[in-house]
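Trainee: One structure, pasted below without further comment.
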Amino acid sequence: MTAWSELAMYQQPAPQLFAPTAQTCARCGRMNPLDRQFCIDCSAMLARSEHTLAGIGGRLGANLLDGLIAGVTGAIALLFLAAGDAGPLVAAMLILGYLAGVLVFLSRGQTPGKAAIGLVCVRPDGTRAGFPTMFFARYLIPALLSSITLGIFGILDLLWALWDKDRRTLHDKIAGTFVVRMGASD
Ligand SMILES: [Zn+2]
């Protein structure tokens, strides 16, 4: 008669038949698909994420740079416009060139300022946001909300990142995006 303890000797550890198919959020405990970089429920960055959230200073710097680039481009265009002769044509080319440049950056999930600082907007799965998200959800809708509320939304929108656990602005939440630092693969 074989003792149970002898049988136990032949027991192998259960083979790992399946690779993990989900990951648990450290903040709220929610199970998330493996390809998520941020939690479905609470938006916390998941442990498997290779991203680093952008700091407030970097985001502010990128916004200021965007304003500066737009302002300088506009000012130079105005100077050409006032100069007469071929001036208006040069001004129009300048503005078109600027818009084309911004379009290229937006389609890569960035603005010129964000690209200069090394920041990028990503979706919850970590891929870069595209032009529709960047233009409509992150820019146009917040701008409309801001004008309807006489600028109150605009101020609240940016300040939100100061107390938000994931450093997200309101337009990040509207767009479902996260602003992260560019990685080595970018
Ligand atoms: Zn969570």
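Letters A, B, ... mark the chains of the structure tokens in the order given; residue numbers begin at 1 per chain; ligand numbers begin at 1, in order shown.
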Would you mind listing what lies within 7 Å of region 92-107 of chain A as a PyMOL selection string, with only C-alpha atoms counted and same-chain residues fewer than 6 positions away left out?
Mentor: chain A and resi 77+130-131+134
Trainee: Put those residues in a file: N, CA and C atoms, as an mmCIF file, in the first residue's frame.
Mentor:
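Produced file again_13.cif, reproduced below:
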data_model
loop_
_atom_site.group_PDB
_atom_site.id
_atom_site.type_symbol
_atom_site.label_atom_id
_atom_site.label_comp_id
_atom_site.auth_asym_id
_atom_site.auth_seq_id
_atom_site.Cartn_x
_atom_site.Cartn_y
_atom_site.Cartn_z
ATOM 1 N N ALA A 77 4.189 87.672 -39.204
ATOM 2 C CA ALA A 77 3.221 87.704 -40.309
ATOM 3 C C ALA A 77 2.580 89.091 -40.416
ATOM 4 N N GLY A 130 -3.944 60.675 -31.745
ATOM 5 C CA GLY A 130 -3.902 61.132 -33.134
ATOM 6 C C GLY A 130 -4.489 62.531 -33.277
ATOM 7 N N PHE A 131 -4.579 62.991 -34.514
ATOM 8 C CA PHE A 131 -5.041 64.354 -34.774
ATOM 9 C C PHE A 131 -6.448 64.651 -34.234
ATOM 10 N N MET A 134 -6.278 65.097 -30.524
ATOM 11 C CA MET A 134 -5.472 66.275 -30.178
ATOM 12 C C MET A 134 -6.213 67.561 -30.501
#
Trainee: Sorted by chain and rising residue number, list the residues of region 1-110 of chain A at most 12 Å from region 145-163 of chain A (counting only C-alpha atoms), each with its closest atom pair and distance in Å to one decimal, as a Markdown table.
Mentor:
| residue | atom | partner | partner_atom | distance |
| --- | --- | --- | --- | --- |
| A:Leu53 | CA | A:Ala161 | CA | 11.4 |
| A:Ala54 | CA | A:Ala161 | CA | 10.6 |
| A:Gly55 | CA | A:Ala161 | CA | 9.5 |
| A:Ile56 | CA | A:Ala161 | CA | 7.3 |
| A:Gly57 | CA | A:Leu162 | CA | 10.5 |
| A:Arg59 | CA | A:Ala161 | CA | 9.7 |
| A:Leu60 | CA | A:Leu158 | CA | 9.0 |
| A:Asn63 | CA | A:Leu158 | CA | 10.3 |
Trainee: Enumerate residues in contact with ligand 1: an atom-to-atom distance of at most 7 Å, counting only C-alpha atoms and all ligand atoms. Format the result as a count of residues only.
Mentor: 12
